[in-house]
$ cat protein-v6.txt   # compact mmCIF, C-alpha atoms and all ligand atoms
# COMPACT_ATOMS: atom_id res chain seq x y z
CA MET S 83 -19.82 -21.93 -16.52
CA LYS S 84 -18.19 -21.02 -19.84
CA LYS S 85 -16.56 -23.20 -22.47
CA ILE S 86 -13.03 -21.88 -22.98
CA LEU S 87 -10.88 -23.03 -25.90
CA VAL S 88 -7.23 -22.44 -25.05
CA THR S 89 -4.71 -22.74 -27.90
CA GLY S 90 -1.13 -23.55 -26.88
CA GLY S 91 -2.31 -24.85 -23.50
CA SER S 92 0.64 -27.25 -23.24
CA GLY S 93 3.23 -24.45 -23.33
CA PHE S 94 4.59 -22.36 -20.48
CA ILE S 95 1.88 -19.70 -20.07
CA GLY S 96 -0.90 -21.84 -21.57
CA SER S 97 -0.39 -24.66 -19.05
CA GLU S 98 -0.43 -22.16 -16.16
CA LEU S 99 -3.69 -20.77 -17.59
CA VAL S 100 -5.26 -24.22 -17.95
CA ARG S 101 -4.23 -25.24 -14.41
CA PHE S 102 -5.56 -21.93 -13.06
CA ILE S 103 -8.94 -22.23 -14.81
CA ILE S 104 -9.46 -25.81 -13.60
CA ASP S 105 -8.26 -25.08 -10.04
CA HIS S 106 -9.94 -21.70 -9.48
CA THR S 107 -13.06 -21.49 -11.69
CA GLU S 108 -16.02 -23.63 -12.78
CA HIS S 109 -15.24 -23.25 -16.49
CA GLN S 110 -14.70 -26.07 -18.95
CA VAL S 111 -11.42 -26.05 -20.95
CA LEU S 112 -10.43 -27.53 -24.27
CA ASN S 113 -6.68 -27.32 -24.86
CA MET S 114 -5.81 -27.32 -28.57
CA ASP S 115 -2.07 -27.79 -29.08
CA CYS S 116 -0.02 -29.59 -31.73
CA LEU S 117 2.79 -30.35 -29.24
CA THR S 118 5.91 -28.73 -30.63
CA TYR S 119 9.20 -29.07 -28.74
CA ALA S 120 7.94 -26.27 -26.42
CA ALA S 121 4.92 -28.25 -25.24
CA ASN S 122 5.00 -30.48 -22.20
CA GLN S 123 1.99 -32.61 -21.27
CA GLU S 124 3.68 -33.34 -17.93
CA SER S 125 3.00 -29.70 -16.96
CA LEU S 126 -0.72 -30.59 -17.06
CA ALA S 127 -0.50 -33.77 -14.95
CA SER S 128 -2.42 -32.16 -12.06
CA VAL S 129 -5.49 -31.43 -14.23
CA SER S 130 -5.42 -34.04 -17.01
CA GLY S 131 -7.87 -36.33 -15.18
CA ASN S 132 -10.38 -33.54 -14.44
CA ASP S 133 -13.70 -33.97 -16.27
CA ARG S 134 -13.79 -30.22 -17.12
CA TYR S 135 -10.51 -30.61 -19.07
CA GLN S 136 -10.04 -32.05 -22.54
CA PHE S 137 -7.17 -32.08 -25.01
CA GLU S 138 -7.07 -32.10 -28.82
CA GLN S 139 -3.75 -32.51 -30.61
CA VAL S 140 -4.41 -30.15 -33.49
CA ASP S 141 -2.12 -27.89 -35.47
CA ILE S 142 -3.57 -24.38 -35.88
CA ARG S 143 -2.04 -24.33 -39.38
CA ASN S 144 -4.59 -27.02 -40.33
CA LYS S 145 -7.74 -25.05 -41.13
CA VAL S 146 -10.04 -28.07 -41.54
CA ALA S 147 -8.98 -29.62 -38.23
CA VAL S 148 -9.32 -26.26 -36.44
CA GLU S 149 -12.83 -25.72 -37.78
CA LYS S 150 -13.89 -29.21 -36.66
CA VAL S 151 -12.73 -28.53 -33.09
CA PHE S 152 -14.64 -25.21 -33.05
CA SER S 153 -17.78 -26.78 -34.43
CA ASP S 154 -17.70 -29.75 -31.99
CA PHE S 155 -16.76 -27.78 -28.85
CA GLN S 156 -18.76 -24.56 -29.53
CA PRO S 157 -16.51 -22.32 -27.37
CA ASP S 158 -17.84 -19.19 -25.61
CA ILE S 159 -14.30 -17.82 -25.30
CA VAL S 160 -11.16 -18.52 -27.33
CA MET S 161 -7.88 -17.69 -25.58
CA HIS S 162 -5.22 -17.86 -28.29
CA LEU S 163 -1.70 -18.49 -26.99
CA ALA S 164 -0.36 -21.04 -29.51
CA ALA S 165 2.72 -19.55 -31.15
CA GLU S 166 6.33 -20.04 -31.97
CA SER S 167 7.72 -17.89 -29.17
CA HIS S 168 11.52 -17.94 -29.04
CA VAL S 169 13.28 -14.94 -30.61
CA ASP S 170 16.59 -16.78 -31.23
CA ARG S 171 14.75 -19.55 -33.10
CA SER S 172 12.93 -16.91 -35.19
CA ILE S 173 16.30 -15.54 -36.33
CA GLU S 174 17.55 -19.03 -37.26
CA GLY S 175 14.33 -20.09 -39.01
CA PRO S 176 11.61 -17.46 -39.46
CA GLU S 177 9.23 -19.47 -41.66
CA ALA S 178 7.57 -21.46 -38.86
CA PHE S 179 6.84 -18.14 -37.13
CA ILE S 180 4.98 -16.81 -40.15
CA ASP S 181 3.10 -20.09 -40.66
CA THR S 182 1.97 -20.54 -37.06
CA ASN S 183 1.74 -17.00 -35.72
CA VAL S 184 0.23 -15.36 -38.81
CA LYS S 185 -1.51 -18.10 -40.83
CA GLY S 186 -2.51 -20.03 -37.69
CA THR S 187 -4.14 -16.92 -36.21
CA PHE S 188 -5.94 -16.34 -39.50
CA ASN S 189 -7.37 -19.89 -39.34
CA LEU S 190 -8.62 -19.31 -35.79
CA LEU S 191 -10.25 -16.00 -36.74
CA GLU S 192 -12.00 -17.63 -39.68
CA ALA S 193 -13.18 -20.55 -37.54
CA SER S 194 -14.51 -18.04 -34.99
CA ARG S 195 -16.32 -16.11 -37.71
CA LYS S 196 -17.90 -19.28 -39.13
CA LEU S 197 -19.08 -20.25 -35.64
CA GLY S 198 -21.20 -17.10 -35.68
CA LYS S 199 -22.02 -17.09 -31.95
CA SER S 200 -23.43 -13.83 -30.58
CA ASP S 201 -22.11 -14.25 -27.02
CA PHE S 202 -18.46 -14.87 -27.90
CA MET S 203 -14.97 -13.48 -27.26
CA PHE S 204 -11.73 -14.05 -29.19
CA HIS S 205 -8.86 -13.15 -26.87
CA HIS S 206 -5.51 -12.82 -28.64
CA ILE S 207 -2.50 -13.11 -26.34
CA SER S 208 0.38 -11.01 -27.64
CA THR S 209 3.64 -9.46 -26.56
CA ASP S 210 5.07 -6.03 -25.76
CA GLU S 211 7.80 -6.78 -28.32
CA VAL S 212 5.47 -5.59 -31.11
CA TYR S 213 6.16 -2.01 -29.97
CA GLY S 214 9.91 -2.26 -30.67
CA ASP S 215 12.74 -0.64 -28.76
CA LEU S 216 12.58 2.14 -26.11
CA GLU S 217 16.35 2.69 -26.01
CA GLY S 218 17.46 6.14 -24.93
CA THR S 219 14.07 7.25 -23.55
CA ASP S 220 12.15 7.00 -20.28
CA ASP S 221 8.97 6.25 -22.24
CA LEU S 222 6.64 3.36 -21.49
CA PHE S 223 4.61 1.36 -24.00
CA LEU S 224 1.00 2.52 -24.12
CA GLU S 225 -1.81 0.73 -25.94
CA THR S 226 -1.56 3.50 -28.53
CA THR S 227 2.22 3.21 -29.10
CA PRO S 228 2.87 2.61 -32.83
CA TYR S 229 4.11 -0.84 -33.77
CA ALA S 230 7.82 -1.17 -34.67
CA PRO S 231 8.78 -4.85 -34.29
CA SER S 232 12.48 -5.76 -34.61
CA SER S 233 12.69 -9.57 -34.84
CA PRO S 234 10.90 -12.12 -37.06
CA TYR S 235 9.11 -13.25 -33.86
CA SER S 236 7.81 -9.80 -32.92
CA ALA S 237 6.96 -8.99 -36.55
CA SER S 238 4.88 -12.16 -36.80
CA LYS S 239 3.07 -11.33 -33.55
CA ALA S 240 2.47 -7.76 -34.78
CA ALA S 241 0.99 -9.14 -38.00
CA SER S 242 -1.34 -11.39 -36.04
CA ASP S 243 -2.46 -8.47 -33.83
CA HIS S 244 -3.37 -6.52 -36.98
CA LEU S 245 -5.39 -9.44 -38.33
CA VAL S 246 -7.33 -9.69 -35.07
CA ARG S 247 -8.18 -5.95 -35.15
CA ALA S 248 -9.21 -6.19 -38.81
CA TRP S 249 -11.55 -9.13 -38.11
CA HIS S 250 -13.23 -6.99 -35.46
CA ARG S 251 -13.50 -3.88 -37.59
CA THR S 252 -14.47 -5.61 -40.84
CA TYR S 253 -16.54 -8.58 -39.69
CA GLY S 254 -17.62 -7.42 -36.22
CA LEU S 255 -15.92 -10.37 -34.50
CA PRO S 256 -15.82 -9.71 -30.73
CA VAL S 257 -12.10 -9.58 -29.94
CA VAL S 258 -9.77 -8.35 -27.26
CA ILE S 259 -5.95 -8.19 -27.38
CA THR S 260 -3.42 -8.22 -24.56
CA ASN S 261 0.24 -7.28 -24.96
CA CYS S 262 2.36 -8.54 -22.10
CA SER S 263 5.95 -8.14 -20.96
CA ASN S 264 8.44 -10.98 -20.30
CA ASN S 265 7.01 -13.79 -18.19
CA TYR S 266 8.89 -16.08 -15.83
CA GLY S 267 7.93 -18.76 -13.32
CA PRO S 268 7.55 -22.54 -12.88
CA PHE S 269 7.31 -24.88 -15.92
CA GLN S 270 9.16 -22.53 -18.32
CA PHE S 271 11.12 -24.31 -21.05
CA PRO S 272 14.84 -24.20 -20.18
CA GLU S 273 15.84 -22.33 -23.38
CA LYS S 274 14.45 -19.07 -21.88
CA LEU S 275 16.72 -16.76 -19.85
CA ILE S 276 15.70 -17.45 -16.24
CA PRO S 277 15.41 -21.28 -16.25
CA HIS S 278 18.47 -21.49 -18.52
CA MET S 279 20.56 -19.57 -15.99
CA ILE S 280 19.26 -21.50 -12.95
CA LEU S 281 19.95 -24.88 -14.56
CA ASN S 282 23.32 -23.92 -16.05
CA ALA S 283 24.45 -22.56 -12.67
CA ILE S 284 23.59 -25.69 -10.69
CA HIS S 285 25.31 -27.80 -13.35
CA GLY S 286 28.47 -25.66 -13.08
CA LYS S 287 28.14 -24.46 -16.69
CA SER S 288 28.83 -20.93 -17.91
CA LEU S 289 26.04 -18.34 -17.73
CA PRO S 290 26.02 -16.71 -21.19
CA VAL S 291 24.82 -13.09 -21.15
CA TYR S 292 24.24 -11.36 -24.48
CA GLY S 293 26.36 -8.25 -25.21
CA ASP S 294 26.87 -6.07 -22.12
CA GLY S 295 23.80 -7.53 -20.36
CA ASN S 296 22.18 -4.11 -20.07
CA GLN S 297 19.09 -4.98 -22.12
CA VAL S 298 16.13 -4.00 -19.92
CA ARG S 299 12.95 -6.06 -19.71
CA ASP S 300 9.83 -5.69 -17.56
CA TRP S 301 9.42 -9.05 -15.76
CA LEU S 302 6.03 -10.48 -14.78
CA PHE S 303 5.38 -13.64 -12.75
CA VAL S 304 3.36 -16.03 -14.90
CA THR S 305 0.49 -16.48 -12.41
CA ASP S 306 -0.05 -12.71 -12.43
CA HIS S 307 -0.22 -12.80 -16.24
CA VAL S 308 -2.78 -15.59 -16.15
CA LYS S 309 -4.95 -13.70 -13.64
CA ALA S 310 -4.82 -10.68 -15.95
CA LEU S 311 -5.75 -12.84 -18.95
CA LEU S 312 -8.83 -14.25 -17.25
CA THR S 313 -9.87 -10.77 -16.12
CA VAL S 314 -9.61 -9.45 -19.69
CA ALA S 315 -11.25 -12.50 -21.32
CA GLN S 316 -14.28 -12.16 -19.04
CA SER S 317 -14.53 -8.41 -18.43
CA GLY S 318 -12.47 -6.70 -21.15
CA LYS S 319 -14.26 -4.33 -23.50
CA VAL S 320 -14.77 -5.71 -27.00
CA GLY S 321 -12.31 -4.26 -29.53
CA GLU S 322 -9.89 -2.99 -26.88
CA THR S 323 -6.22 -3.67 -26.22
CA TYR S 324 -4.78 -3.97 -22.71
CA ASN S 325 -1.07 -3.84 -21.86
CA ILE S 326 0.02 -6.15 -19.04
CA GLY S 327 3.26 -5.61 -17.13
CA GLY S 328 4.89 -6.17 -13.79
CA PHE S 329 6.31 -2.66 -13.13
CA ASN S 330 9.62 -4.54 -12.77
CA GLU S 331 12.20 -3.10 -15.17
CA LYS S 332 15.44 -5.04 -14.73
CA SER S 333 18.51 -5.50 -16.90
CA ASN S 334 19.35 -9.05 -17.98
CA LEU S 335 22.62 -8.83 -16.05
CA TYR S 336 20.77 -7.78 -12.86
CA VAL S 337 18.41 -10.76 -13.26
CA VAL S 338 21.28 -13.22 -13.72
CA GLU S 339 23.23 -11.79 -10.77
CA TYR S 340 20.10 -11.89 -8.58
CA ILE S 341 19.60 -15.57 -9.43
CA CYS S 342 23.26 -16.23 -8.54
CA ASP S 343 22.81 -14.48 -5.16
CA LEU S 344 19.75 -16.63 -4.40
CA LEU S 345 21.58 -19.81 -5.39
CA ASP S 346 24.61 -18.79 -3.30
CA LYS S 347 22.26 -18.53 -0.28
CA LYS S 348 20.23 -21.66 -0.97
CA VAL S 349 22.54 -24.23 -2.57
CA SER S 350 26.15 -23.15 -2.10
CA ALA S 351 26.97 -26.85 -1.69
CA MET S 352 26.15 -27.32 -5.40
CA ARG S 353 28.87 -24.80 -6.33
CA ASP S 354 32.25 -25.90 -7.59
CA GLU S 355 34.63 -25.46 -4.64
CA LYS S 356 37.01 -23.43 -6.86
CA ILE S 357 34.52 -20.52 -7.03
CA LYS S 358 33.11 -18.30 -4.26
CA SER S 359 29.88 -17.30 -6.04
CA PHE S 360 27.81 -18.60 -8.95
CA LYS S 361 28.41 -15.10 -10.44
CA GLU S 362 31.87 -16.26 -11.45
CA LEU S 363 30.17 -18.43 -14.10
CA ILE S 364 28.83 -15.36 -15.96
CA THR S 365 30.36 -14.90 -19.44
CA PHE S 366 29.50 -12.20 -21.95
CA VAL S 367 28.75 -13.51 -25.46
CA LYS S 368 28.17 -11.86 -28.86
CA ASP S 369 24.88 -9.96 -28.84
CA ARG S 370 21.80 -11.22 -30.70
CA PRO S 371 21.28 -9.40 -34.05
CA GLY S 372 18.61 -6.69 -33.83
CA HIS S 373 18.46 -7.07 -30.03
CA ASP S 374 16.12 -4.45 -28.52
CA ARG S 375 17.68 -2.56 -25.58
CA ARG S 376 14.63 -1.72 -23.51
CA TYR S 377 10.99 -2.69 -23.17
CA ALA S 378 8.72 -1.17 -20.50
CA ILE S 379 4.98 -1.46 -20.10
CA ASP S 380 2.50 1.09 -18.79
CA ALA S 381 -0.21 -1.15 -17.31
CA THR S 382 -2.36 1.73 -16.02
CA LYS S 383 -5.31 1.01 -18.33
CA ILE S 384 -5.91 -2.56 -17.12
CA LYS S 385 -5.48 -1.35 -13.53
CA ASN S 386 -7.94 1.54 -13.83
CA GLU S 387 -10.53 -0.14 -16.04
CA LEU S 388 -10.44 -3.76 -14.85
CA GLY S 389 -8.81 -3.52 -11.41
CA TRP S 390 -5.87 -5.85 -12.17
CA THR S 391 -2.46 -5.35 -10.56
CA PRO S 392 0.30 -7.94 -10.09
CA ASP S 393 0.50 -9.75 -6.73
CA GLU S 394 4.20 -10.66 -6.98
CA SER S 395 7.17 -8.32 -6.86
CA PHE S 396 10.25 -9.36 -8.82
CA GLU S 397 11.92 -10.44 -5.57
CA THR S 398 9.06 -12.71 -4.41
CA GLY S 399 8.42 -14.11 -7.90
CA ILE S 400 12.03 -14.94 -8.68
CA GLU S 401 12.51 -16.66 -5.31
CA LYS S 402 9.41 -18.82 -5.94
CA THR S 403 10.79 -19.64 -9.39
CA VAL S 404 14.26 -20.61 -8.16
CA ASP S 405 12.68 -22.76 -5.40
CA TRP S 406 10.41 -24.46 -7.96
CA TYR S 407 13.35 -25.45 -10.20
CA LEU S 408 15.31 -26.69 -7.19
CA GLU S 409 12.33 -28.78 -6.01
CA ASN S 410 11.12 -30.10 -9.40
CA LYS S 411 14.19 -31.76 -10.78
CA THR S 412 12.24 -34.58 -12.44
CA TRP S 413 10.27 -32.11 -14.60
CA TRP S 414 13.33 -30.37 -16.05
CA GLU S 415 15.54 -33.46 -16.18
CA ARG S 416 12.96 -35.09 -18.45
CA VAL S 417 12.94 -31.94 -20.63
CA LEU S 418 16.72 -31.82 -20.87
CA SER S 419 16.94 -35.55 -21.73
CA GLY S 420 14.05 -35.38 -24.22
CA GLU S 421 12.03 -37.98 -22.25
CA TYR S 422 9.13 -35.52 -21.91
CA LYS S 423 8.27 -36.25 -25.57
CA LEU S 424 8.18 -40.06 -25.26
CA GLU S 425 4.44 -40.45 -24.52
CA ARG S 426 3.34 -38.41 -27.56
CA LYS S 427 1.36 -39.58 -30.56
CA GLY S 428 3.50 -37.41 -32.78
CA GLN S 429 5.90 -34.50 -32.77
CA VAL S 430 5.56 -31.47 -34.99
P1 LIG U 1 5.59 -21.55 -25.43
O1 LIG U 1 6.55 -21.58 -26.56
O2 LIG U 1 6.02 -22.04 -24.09
O3 LIG U 1 4.29 -22.40 -25.82
C1 LIG U 1 3.69 -22.31 -27.07
C2 LIG U 1 2.69 -23.46 -27.21
O4 LIG U 1 2.05 -23.32 -28.50
C3 LIG U 1 3.35 -24.85 -27.17
O5 LIG U 1 2.61 -25.72 -26.35
C4 LIG U 1 3.29 -25.30 -28.64
O6 LIG U 1 3.19 -26.71 -28.80
C5 LIG U 1 2.04 -24.60 -29.13
N1 LIG U 1 2.07 -24.40 -30.58
C6 LIG U 1 3.09 -23.86 -31.31
N2 LIG U 1 2.79 -23.92 -32.62
C7 LIG U 1 1.55 -24.49 -32.72
C8 LIG U 1 0.70 -24.81 -33.80
N3 LIG U 1 1.06 -24.58 -35.07
N4 LIG U 1 -0.50 -25.39 -33.54
C9 LIG U 1 -0.87 -25.65 -32.25
N5 LIG U 1 -0.10 -25.38 -31.19
C10 LIG U 1 1.09 -24.80 -31.42
O7 LIG U 1 5.06 -20.06 -25.35
P2 LIG U 1 4.66 -19.18 -24.08
O8 LIG U 1 5.89 -18.55 -23.54
O9 LIG U 1 3.79 -19.98 -23.20
O10 LIG U 1 3.82 -18.02 -24.80
C11 LIG U 1 2.44 -18.19 -25.05
C12 LIG U 1 1.91 -16.98 -25.79
O11 LIG U 1 2.12 -15.82 -25.02
C13 LIG U 1 2.57 -16.74 -27.15
O12 LIG U 1 1.58 -16.35 -28.06
C14 LIG U 1 3.55 -15.61 -26.88
O13 LIG U 1 3.73 -14.83 -28.02
C15 LIG U 1 2.82 -14.85 -25.79
N6 LIG U 1 3.70 -14.11 -24.86
C16 LIG U 1 4.71 -14.77 -24.22
C17 LIG U 1 5.50 -14.05 -23.31
C18 LIG U 1 6.63 -14.73 -22.55
O14 LIG U 1 7.39 -14.06 -21.87
N7 LIG U 1 6.76 -16.07 -22.61
C19 LIG U 1 5.27 -12.70 -23.09
C20 LIG U 1 4.21 -12.07 -23.76
C21 LIG U 1 3.42 -12.80 -24.64
$ encode --input "protein-v6.txt" --output "structure tokens" --more "lines below"
Ligand code: NAD
Amino acid sequence: MKKILVTGGSGFIGSELVRFIIDHTEHQVLNMDCLTYAANQESLASVSGNDRYQFEQVDIRNKVAVEKVFSDFQPDIVMHLAAESHVDRSIEGPEAFIDTNVKGTFNLLEASRKLGKSDFMFHHISTDEVYGDLEGTDDLFLETTPYAPSSPYSASKAASDHLVRAWHRTYGLPVVITNCSNNYGPFQFPEKLIPHMILNAIHGKSLPVYGDGNQVRDWLFVTDHVKALLTVAQSGKVGETYNIGGFNEKSNLYVVEYICDLLDKKVSAMRDEKIKSFKELITFVKDRPGHDRRYAIDATKIKNELGWTPDESFETGIEKTVDWYLENKTWWERVLSGEYKLERKGQV
């Protein structure tokens, strides 16, 4: 039994990780999250009463508070997911991304160093976006691909990756980094592409696709990501980086059309009678500035060295996701209305 400190455990991937650890392992979890708009304690309802789970509402920008949690809990493993994560928001207001993603990671590294435990792992959860754009090539991102981030979000994640490597090299802190492709699945905040499209479609709203919709992303079902994270946190080699991907390169337009096809099959009754397919709701809108055209992960290293491969194909994962949003109306209705924040002590 290990003591795992998860930062950002109330967000999309973090809550899946916390639920997975409680449901499928014997480990103890402390979730440290300051509860930004992206957090949802209702995503943790199934585990919040478990005696191996505890929650601390702490902002990783607050060094003193972070160090107190480390010193009280004495984690064996830190899995660091807390971040500002939405690219569009980083373009509108980059400062929070620097404060949380860079300075917050610095605080966690320093707290880990002060803890001084010999049997310890700091696992930094990062993104494939740090590698930049693969437009015009058939290349895949390798762990050795040079960093070339395009957005304030990806630049802040790249900066935090560099800090983590430096704390290993300079101070000998045991660290491991994972860089993952786009995740999707249940409990994702509706501002992200897939839930946004599902919910807009069933409400008869337009489905806004950036530019020509031909931006390619490698999609990974969130449970597969979480299984990879636990594999790396427990068996990854200290100082190494592992890329995680779904081998599912799809254009944004393909993803949106696929969702429409599924909804046409499953809930055609929810469609406005004036249209024959949800696809008729697709509209093309002005592209995001600096929008990368293609990301693609080579996940051979984690497969060969740690034996991880994804269980879900895009087709099985997206169907599970659409079904989850159709069956869990209360969860997303409370997000859309803002009621999900009512029980909180405070909002950051
Ligand atoms: P999310 O936005 O859904 O959740 C982020 C969580 O971090 C929220 O619960 C939020 O309250 C918390 N948080 C933010 N700022 C904080 C602060 N200052 N102090 C404490 N907590 C804070 O994000 P996500 O999609 O679950 O992503 C989790 C991590 O995985 C991020 O580090 C992200 O960069 C990385 N990642 C995400 C994807 C993806 O497709 N979503 C892909 C690869 C990597």
$ residues_around --input "protein-v6.txt" --residues "range 153-166 of chain S" --least-positions-apart "5" --cutoff "7 Å" --atoms "all atoms listed in the file" --output "short mmCIF file (atom, residue, chain, number, x, y, z; two decimals) with C-alpha atoms, in the frame of the given file"
data_model
loop_
_atom_site.label_atom_id
_atom_site.label_comp_id
_atom_site.auth_asym_id
_atom_site.auth_seq_id
_atom_site.Cartn_x
_atom_site.Cartn_y
_atom_site.Cartn_z
CA LYS S 84 -18.19 -21.02 -19.84
CA LYS S 85 -16.56 -23.20 -22.47
CA ILE S 86 -13.03 -21.88 -22.98
CA LEU S 87 -10.88 -23.03 -25.90
CA VAL S 88 -7.23 -22.44 -25.05
CA THR S 89 -4.71 -22.74 -27.90
CA GLY S 90 -1.13 -23.55 -26.88
CA GLY S 96 -0.90 -21.84 -21.57
CA ASP S 115 -2.07 -27.79 -29.08
CA PHE S 179 6.84 -18.14 -37.13
CA THR S 182 1.97 -20.54 -37.06
CA ASN S 183 1.74 -17.00 -35.72
CA LEU S 197 -19.08 -20.25 -35.64
CA ASP S 201 -22.11 -14.25 -27.02
CA PHE S 202 -18.46 -14.87 -27.90
CA MET S 203 -14.97 -13.48 -27.26
CA PHE S 204 -11.73 -14.05 -29.19
CA HIS S 205 -8.86 -13.15 -26.87
CA HIS S 206 -5.51 -12.82 -28.64
CA ILE S 207 -2.50 -13.11 -26.34
#
$ closest_atom_pairs --input "protein-v6.txt" --of "chain S" --to "ligand LIG 1 (chain U)" --cutoff "6 Å" --atoms "all atoms listed in the file" --output "JSON lines"
{"residue": "S:Gly90", "atom": "CA", "partner": "U:LIG1", "partner_atom": "O4", "distance": 3.6}
{"residue": "S:Gly91", "atom": "CA", "partner": "U:LIG1", "partner_atom": "O5", "distance": 5.8}
{"residue": "S:Ser92", "atom": "CA", "partner": "U:LIG1", "partner_atom": "O5", "distance": 4.0}
{"residue": "S:Gly93", "atom": "CA", "partner": "U:LIG1", "partner_atom": "O5", "distance": 3.3}
{"residue": "S:Phe94", "atom": "CA", "partner": "U:LIG1", "partner_atom": "O9", "distance": 3.7}
{"residue": "S:Ile95", "atom": "CA", "partner": "U:LIG1", "partner_atom": "O9", "distance": 3.7}
{"residue": "S:Gly96", "atom": "CA", "partner": "U:LIG1", "partner_atom": "O9", "distance": 5.3}
{"residue": "S:Asp115", "atom": "CA", "partner": "U:LIG1", "partner_atom": "N5", "distance": 3.8}
{"residue": "S:Cys116", "atom": "CA", "partner": "U:LIG1", "partner_atom": "C9", "distance": 4.1}
{"residue": "S:Leu117", "atom": "CA", "partner": "U:LIG1", "partner_atom": "O6", "distance": 3.7}
{"residue": "S:Thr118", "atom": "CA", "partner": "U:LIG1", "partner_atom": "O6", "distance": 3.9}
{"residue": "S:Ala120", "atom": "CA", "partner": "U:LIG1", "partner_atom": "C3", "distance": 4.9}
{"residue": "S:Ala121", "atom": "CA", "partner": "U:LIG1", "partner_atom": "O5", "distance": 3.6}
{"residue": "S:Val140", "atom": "CA", "partner": "U:LIG1", "partner_atom": "C9", "distance": 5.9}
{"residue": "S:Asp141", "atom": "CA", "partner": "U:LIG1", "partner_atom": "N4", "distance": 3.5}
{"residue": "S:Ile142", "atom": "CA", "partner": "U:LIG1", "partner_atom": "N4", "distance": 4.0}
{"residue": "S:Arg143", "atom": "CA", "partner": "U:LIG1", "partner_atom": "N3", "distance": 5.3}
{"residue": "S:Leu163", "atom": "CA", "partner": "U:LIG1", "partner_atom": "O12", "distance": 4.1}
{"residue": "S:Ala164", "atom": "CA", "partner": "U:LIG1", "partner_atom": "O4", "distance": 3.5}
{"residue": "S:Ala165", "atom": "CA", "partner": "U:LIG1", "partner_atom": "C6", "distance": 4.3}
{"residue": "S:Glu166", "atom": "CA", "partner": "U:LIG1", "partner_atom": "C6", "distance": 5.1}
{"residue": "S:Ser167", "atom": "CA", "partner": "U:LIG1", "partner_atom": "O1", "distance": 4.7}
{"residue": "S:Thr182", "atom": "CA", "partner": "U:LIG1", "partner_atom": "N3", "distance": 4.6}
{"residue": "S:Ile207", "atom": "CA", "partner": "U:LIG1", "partner_atom": "O12", "distance": 5.5}
{"residue": "S:Ser208", "atom": "CA", "partner": "U:LIG1", "partner_atom": "C21", "distance": 4.6}
{"residue": "S:Thr209", "atom": "CA", "partner": "U:LIG1", "partner_atom": "C21", "distance": 3.9}
{"residue": "S:Cys262", "atom": "CA", "partner": "U:LIG1", "partner_atom": "C20", "distance": 4.3}
{"residue": "S:Ser263", "atom": "CA", "partner": "U:LIG1", "partner_atom": "C19", "distance": 5.1}
{"residue": "S:Asn264", "atom": "CA", "partner": "U:LIG1", "partner_atom": "O14", "distance": 3.6}
{"residue": "S:Asn265", "atom": "CA", "partner": "U:LIG1", "partner_atom": "O14", "distance": 3.7}
$ closest_residue --input "protein-v6.txt" --among "S:Ala310, S:Leu418, S:Val212, S:Val184" --to "Leu224 in chain S" --atoms "only C-alpha atoms"
S:Val212
$ residues_around --input "protein-v6.txt" --residues "range 401-405 of chain S" --least-positions-apart "2" --cutoff "8 Å" --atoms "all atoms listed in the file" --output "PyMOL selection string"
chain S and resi 266-268+280+341+344-345+397-399+407-409
$ write_last_selection --input "protein-v6.txt" --atoms "C-alpha atoms" --output "PDB file, in the frame of the given file"
ATOM      1  CA  TYR S 266       8.890 -16.080 -15.830  1.00  0.00           C
ATOM      2  CA  GLY S 267       7.930 -18.760 -13.320  1.00  0.00           C
ATOM      3  CA  PRO S 268       7.550 -22.540 -12.880  1.00  0.00           C
ATOM      4  CA  ILE S 280      19.260 -21.500 -12.950  1.00  0.00           C
ATOM      5  CA  ILE S 341      19.600 -15.570  -9.430  1.00  0.00           C
ATOM      6  CA  LEU S 344      19.750 -16.630  -4.400  1.00  0.00           C
ATOM      7  CA  LEU S 345      21.580 -19.810  -5.390  1.00  0.00           C
ATOM      8  CA  GLU S 397      11.920 -10.440  -5.570  1.00  0.00           C
ATOM      9  CA  THR S 398       9.060 -12.710  -4.410  1.00  0.00           C
ATOM     10  CA  GLY S 399       8.420 -14.110  -7.900  1.00  0.00           C
ATOM     11  CA  TYR S 407      13.350 -25.450 -10.200  1.00  0.00           C
ATOM     12  CA  LEU S 408      15.310 -26.690  -7.190  1.00  0.00           C
ATOM     13  CA  GLU S 409      12.330 -28.780  -6.010  1.00  0.00           C
TER      14      GLU S 409
END
$ closest_residue --input "protein-v6.txt" --among "S:Gly131, S:Gly318, S:Pro231, S:Gly186" --to "Gly389 in chain S" --atoms "all atoms listed in the file"
S:Gly318
$ residues_around --input "protein-v6.txt" --residues "range 289-302 of chain S" --least-positions-apart "3" --cutoff "10 Å" --atoms "all atoms listed in the file" --output "PyMOL selection string"
chain S and resi 210+216-217+262-267+275+278-283+286+305-307+326-339+342+360-370+373-379+392-396+399-400
$ atom_distance --input "protein-v6.txt" --atom1 "CA of Ala193 in chain S" --atom2 "CA of Ala147 in chain S"
10.0 Å
$ residues_around --input "protein-v6.txt" --residues "Asp105 in chain S" --least-positions-apart "2" --cutoff "12 Å" --atoms "only C-alpha atoms" --output "JSON, numbers by chain"
{"S": [97, 98, 99, 100, 101, 102, 103, 107, 108, 109, 110, 111, 126, 128, 129, 130, 132, 134, 135]}
$ closest_residue --input "protein-v6.txt" --among "S:Phe303, S:Gly214, S:Lys287, S:Pro228" --to "Gln270 in chain S" --atoms "only C-alpha atoms"
S:Phe303
$ atom_distance --input "protein-v6.txt" --atom1 "CA of Leu388 in chain S" --atom2 "CA of Thr313 in chain S"
7.1 Å
$ atom_distance --input "protein-v6.txt" --atom1 "CA of Val169 in chain S" --atom2 "CA of Glu149 in chain S"
29.1 Å
